[in-house]
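Quick look at structure_36.txt (compact mmCIF, C-alpha atoms):
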```txt
# COMPACT_ATOMS: atom_id res chain seq x y z
CA ARG A 1 17.66 55.79 64.02
CA ARG A 2 17.17 55.18 67.69
CA GLN A 3 18.04 51.75 68.87
CA GLY A 4 17.09 50.47 72.25
CA ILE A 5 16.29 47.49 74.31
CA LEU A 6 12.96 47.30 76.04
CA ARG A 7 13.59 46.40 79.68
CA PHE A 8 11.16 46.07 82.52
CA PRO A 9 12.32 46.31 86.14
CA ASN A 10 9.99 43.57 87.39
CA GLU A 11 6.48 42.19 86.96
CA SER A 12 4.94 44.97 89.04
CA TRP A 13 5.69 47.53 86.32
CA PHE A 14 2.34 46.69 84.75
CA ASN A 15 0.51 47.71 87.93
CA GLY A 16 -1.88 44.81 87.54
CA GLU A 17 -3.71 43.06 84.76
CA LYS A 18 -6.08 46.01 84.25
CA LYS A 19 -3.32 48.05 82.59
CA ARG A 20 -2.46 45.31 80.09
CA ASN A 21 -6.13 44.83 79.26
CA SER A 22 -6.64 48.51 78.50
CA VAL A 23 -3.83 48.85 75.95
CA ARG A 24 -5.14 49.01 72.38
CA GLU A 25 -2.07 50.43 70.64
CA LEU A 26 1.55 49.51 71.27
CA VAL A 27 4.49 51.01 69.38
CA LEU A 28 7.85 49.38 70.03
CA ASP A 29 9.70 50.60 66.94
CA ASN A 30 13.51 50.39 67.04
CA CYS A 31 13.61 48.20 70.14
CA ARG A 32 15.89 45.20 69.74
CA SER A 33 14.48 41.72 69.80
CA VAL A 34 16.45 39.09 71.65
CA GLU A 35 16.37 35.66 69.99
CA GLY A 36 13.26 36.72 68.09
CA LYS A 37 11.35 37.88 71.16
CA ILE A 38 10.38 41.30 72.42
CA GLU A 39 10.64 41.21 76.20
CA GLY A 40 7.31 42.05 77.83
CA LEU A 41 5.20 41.52 74.70
CA THR A 42 2.83 38.76 75.78
CA ALA A 43 -0.66 37.42 75.10
CA GLU A 44 -1.79 39.36 78.19
CA PHE A 45 -2.41 42.37 75.91
CA VAL A 46 -5.84 40.91 75.15
CA ASN A 47 -7.37 44.12 73.73
CA LEU A 48 -4.42 45.13 71.57
CA GLU A 49 -5.62 46.26 68.11
CA PHE A 50 -2.48 47.93 66.71
CA LEU A 51 1.11 46.72 67.15
CA SER A 52 4.15 48.31 65.57
CA LEU A 53 7.47 46.47 65.58
CA ILE A 54 9.35 48.42 62.93
CA ASN A 55 13.11 47.80 62.76
CA VAL A 56 13.36 45.54 65.79
CA GLY A 57 15.58 42.91 64.16
CA LEU A 58 12.96 40.17 63.78
CA MET A 59 13.93 37.30 61.49
CA SER A 60 10.71 35.40 62.15
CA VAL A 61 7.18 35.95 63.40
CA SER A 62 7.10 32.62 65.23
CA ASN A 63 7.57 34.18 68.68
CA LEU A 64 4.75 36.69 68.41
CA PRO A 65 2.14 36.10 71.13
CA LYS A 66 -1.44 35.16 70.38
CA LEU A 67 -3.35 38.45 70.09
CA GLY A 68 -6.91 37.66 69.06
CA LYS A 69 -8.09 41.27 68.68
CA LEU A 70 -5.07 42.58 66.77
CA LYS A 71 -6.12 44.21 63.49
CA LYS A 72 -3.01 46.06 62.34
CA LEU A 73 0.55 44.82 62.49
CA GLU A 74 3.57 46.86 61.36
CA LEU A 75 6.66 44.72 60.78
CA SER A 76 8.55 46.79 58.24
CA ASP A 77 12.34 46.99 58.11
CA ASN A 78 13.05 43.65 59.76
CA ARG A 79 14.72 40.55 58.30
CA ILE A 80 11.68 38.28 57.90
CA SER A 81 12.07 35.87 54.98
CA GLY A 82 9.20 33.44 55.55
CA GLY A 83 7.44 31.47 58.27
CA LEU A 84 4.23 33.47 57.96
CA ASP A 85 2.10 30.39 58.66
CA VAL A 86 1.78 31.19 62.38
CA LEU A 87 0.04 34.52 61.74
CA ALA A 88 -3.40 33.01 61.08
CA GLU A 89 -3.28 31.05 64.33
CA LYS A 90 -1.92 33.84 66.50
CA LEU A 91 -3.55 36.88 64.86
CA PRO A 92 -6.85 35.61 63.37
CA ASN A 93 -8.48 39.05 63.04
CA LEU A 94 -5.61 40.79 61.27
CA THR A 95 -6.84 43.23 58.59
CA HIS A 96 -3.65 45.21 57.82
CA LEU A 97 -0.15 43.76 57.57
CA ASN A 98 2.96 45.78 56.69
CA LEU A 99 5.96 43.64 55.76
CA SER A 100 7.77 46.28 53.70
CA GLY A 101 11.54 46.24 53.78
CA ASN A 102 11.81 42.55 54.69
CA LYS A 103 13.54 39.68 52.88
CA LEU A 104 10.53 38.12 51.16
CA LYS A 105 11.60 36.85 47.74
CA ASP A 106 8.91 34.50 46.41
CA ILE A 107 5.13 34.61 46.01
CA SER A 108 5.02 31.16 47.66
CA THR A 109 6.20 32.67 50.97
CA LEU A 110 2.93 34.63 51.02
CA GLU A 111 0.73 31.55 50.67
CA PRO A 112 0.10 31.18 54.43
CA LEU A 113 -1.61 34.60 54.35
CA LYS A 114 -4.57 32.90 52.59
CA LYS A 115 -5.66 31.78 56.06
CA LEU A 116 -5.98 35.40 57.21
CA VAL A 117 -9.54 35.70 55.93
CA ASN A 118 -9.96 39.28 57.26
CA LEU A 119 -6.75 40.59 55.67
CA LYS A 120 -7.64 43.62 53.53
CA SER A 121 -4.32 45.42 53.18
CA LEU A 122 -0.81 44.05 52.64
CA ASP A 123 2.32 46.14 52.15
CA LEU A 124 5.43 44.54 50.65
CA PHE A 125 7.19 47.69 49.42
CA ASN A 126 10.98 47.23 49.22
CA CYS A 127 10.75 43.43 49.38
CA GLU A 128 12.43 41.45 46.58
CA VAL A 129 9.11 39.78 45.75
CA THR A 130 7.88 43.09 44.29
CA ASN A 131 10.43 42.75 41.45
CA LEU A 132 8.84 39.57 40.08
CA ASN A 133 6.93 39.65 36.80
CA ASP A 134 3.17 39.99 37.35
CA TYR A 135 3.79 40.53 41.07
CA ARG A 136 0.59 42.48 41.78
CA GLU A 137 -1.61 40.21 39.68
CA SER A 138 -0.10 37.11 41.33
CA VAL A 139 -0.59 38.41 44.87
CA PHE A 140 -4.20 39.49 44.26
CA LYS A 141 -4.89 36.06 42.73
CA LEU A 142 -3.26 34.25 45.66
CA LEU A 143 -4.99 36.42 48.27
CA PRO A 144 -8.48 37.24 46.94
CA GLN A 145 -9.50 38.71 50.30
CA LEU A 146 -7.09 41.63 49.75
CA THR A 147 -8.44 45.04 48.86
CA TYR A 148 -5.08 46.85 48.86
CA LEU A 149 -1.56 45.78 47.99
CA ASP A 150 1.20 48.32 48.68
CA GLY A 151 -1.46 50.98 49.22
CA TYR A 152 -3.30 50.43 45.91
CA ASP A 153 -6.28 48.30 44.90
CA MET A 154 -6.45 45.98 41.86
CA GLU A 155 -7.29 48.94 39.59
CA ASP A 156 -4.30 50.93 40.92
CA ARG A 157 -6.46 53.31 42.95
CA GLU A 158 -4.71 54.57 46.06
CA ALA A 159 -6.15 53.70 49.46
CA SER A 160 -7.84 56.66 51.10
CA ASP A 161 -7.09 57.75 54.65
CA SER A 162 -10.51 56.50 55.70
CA ASP A 163 -9.45 52.99 54.69
CA GLY A 164 -7.07 53.18 57.62
CA GLU A 165 -4.01 51.78 55.87
CA VAL A 166 -2.13 54.85 54.77
CA ASP A 167 -2.27 57.19 57.76
CA GLY A 168 -4.65 55.96 60.44
CA ASP A 169 -4.50 53.11 62.88
CA GLY A 170 -8.24 52.99 63.60
CA VAL A 171 -7.76 53.72 67.29
CA ASP A 172 -9.65 56.70 68.73
CA ASP A 173 -7.10 58.54 70.83
CA ASP A 174 -9.80 60.09 73.01
CA GLU A 175 -10.99 56.67 74.06
CA ASP A 176 -7.58 55.03 74.31
CA GLU A 177 -7.21 54.32 78.02
CA GLY A 178 -3.80 52.77 77.41
CA LYS A 179 -2.17 55.90 75.98
CA LYS A 180 -0.49 56.90 79.24
CA PHE A 181 0.59 53.32 79.70
CA ILE A 182 2.30 53.39 76.32
CA GLN A 183 4.24 56.47 77.38
CA TYR A 184 5.17 54.64 80.55
CA LEU A 185 6.45 51.69 78.48
CA ARG A 186 8.52 54.01 76.31
CA SER A 187 10.21 55.44 79.40
CA PHE A 188 11.95 52.07 79.77
CA LEU A 189 13.75 52.31 76.42
CA LEU A 190 17.48 52.55 76.87
CA TYR A 191 19.25 54.45 74.12
```
Give the structure from this file in structure tokens form.
Amino acid sequence: RRQGILRFPNESWFNGEKKRNSVRELVLDNCRSVEGKIEGLTAEFVNLEFLSLINVGLMSVSNLPKLGKLKKLELSDNRISGGLDVLAEKLPNLTHLNLSGNKLKDISTLEPLKKLVNLKSLDLFNCEVTNLNDYRESVFKLLPQLTYLDGYDMEDREASDSDGEVDGDGVDDDEDEGKKFIQYLRSFLLY
């Protein structure tokens, strides 16, 4: 896997607030967090709808910025073991959350997700919590707003692509004004 550190030369790299406002999708997979923070990831990304932070070394979500429009958050392959209570405050419109490959062990660690009233899809694949007896039944009972858990509904029907969880991110690439900006961000990854 690639590993890198996201570095920005100075504040002018954004070329003004307009660039930050236009970004709807941001993929920072395999960047390294420093003390639980991703440098440059701030609440100034006011229109961000999809954020991917796969394998960035996060142990907590406490340092995520407030992103009121964020709908999909990918946090797989980190070291998160709890502290999910801040998600409802910082990401109130979250509909899809992927926590697969983290260190979640108990159903009780998922209790704060009750406050995410728009949460429709949760992925906990490869978390220890999935080994518990009655895991699926317990999670659906705890989080009645969920439609899909690990890509399947309560009747074990797989989520379709149109549900947006399995393959899509819901962002129309033709309308994504921030796409070039994302490529610009990636050019700052040091390998």
Practice prompt. Using only C-alpha atoms, determine which residues lie at most 6 Å from Arg24 in chain A, disregarding the query and same-chain residues fewer than 4 positions distant; provide the list as a ChimeraX atom specification.
Written response: /A:47-49
Practice prompt. Please indicate the distance in Å from CA of Leu99 in chain A to CA of Ser76 in chain A, rounded to one decimal place.
Written response: 4.8 Å
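Atom to atom, CA of Arg136 in chain A and CA of Lys103 in chain A stand 17.3 Å apart.
Nearest to Gly57 in chain A of all the residues A:Asn102, A:Asn21, A:Thr147, A:Asn131 is A:Asn102, based on only C-alpha atoms.
Across the model, the gap from CA of Glu111 in chain A to CA of Cys31 in chain A is 28.7 Å.
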Worksheet item: Which polymer residues have any atom within 12 Å of an atom of Ala43 in chain A, counting all atoms listed in the file, with same-chain residues fewer than 6 positions away left out, as a list in words?
Response: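 Neighbouring residues, sequence-local ones excluded: Glu17, Arg20, Asn21, Val23, Asn63, Leu64, Pro65, Lys66, Leu67, Gly68, Lys69, Leu70, Lys90 and Leu91 of chain A.
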Worksheet item: Pick from A:Lys37, A:Lys114, A:Arg79, A:Arg157: nearest to Glu128 in chain A, with all atoms listed in the file counted?
Response: A:Arg79
Listing only residues of range 59-154 of chain A within 8 Å of range 32-36 of chain A, what is the closest atom pair and its distance in Å (to one decimal) for each, using only C-alpha atoms, sorted by chain and residue number ascending, as a Markdown table?
```
| residue | atom | partner | partner_atom | distance |
| --- | --- | --- | --- | --- |
| A:Met59 | CA | A:Gly36 | CA | 6.7 |
| A:Ser60 | CA | A:Gly36 | CA | 6.6 |
| A:Val61 | CA | A:Gly36 | CA | 7.7 |
| A:Ser62 | CA | A:Gly36 | CA | 7.9 |
| A:Asn63 | CA | A:Gly36 | CA | 6.3 |
```
Discussion item. Counting only C-alpha atoms, which residues have an atom no more than 8 Å from (8.2, 43.0, 51.4) in the file's coordinates? Please list them as a PyMOL selection string.
Written reply: chain A and resi 76+98-105+123-130
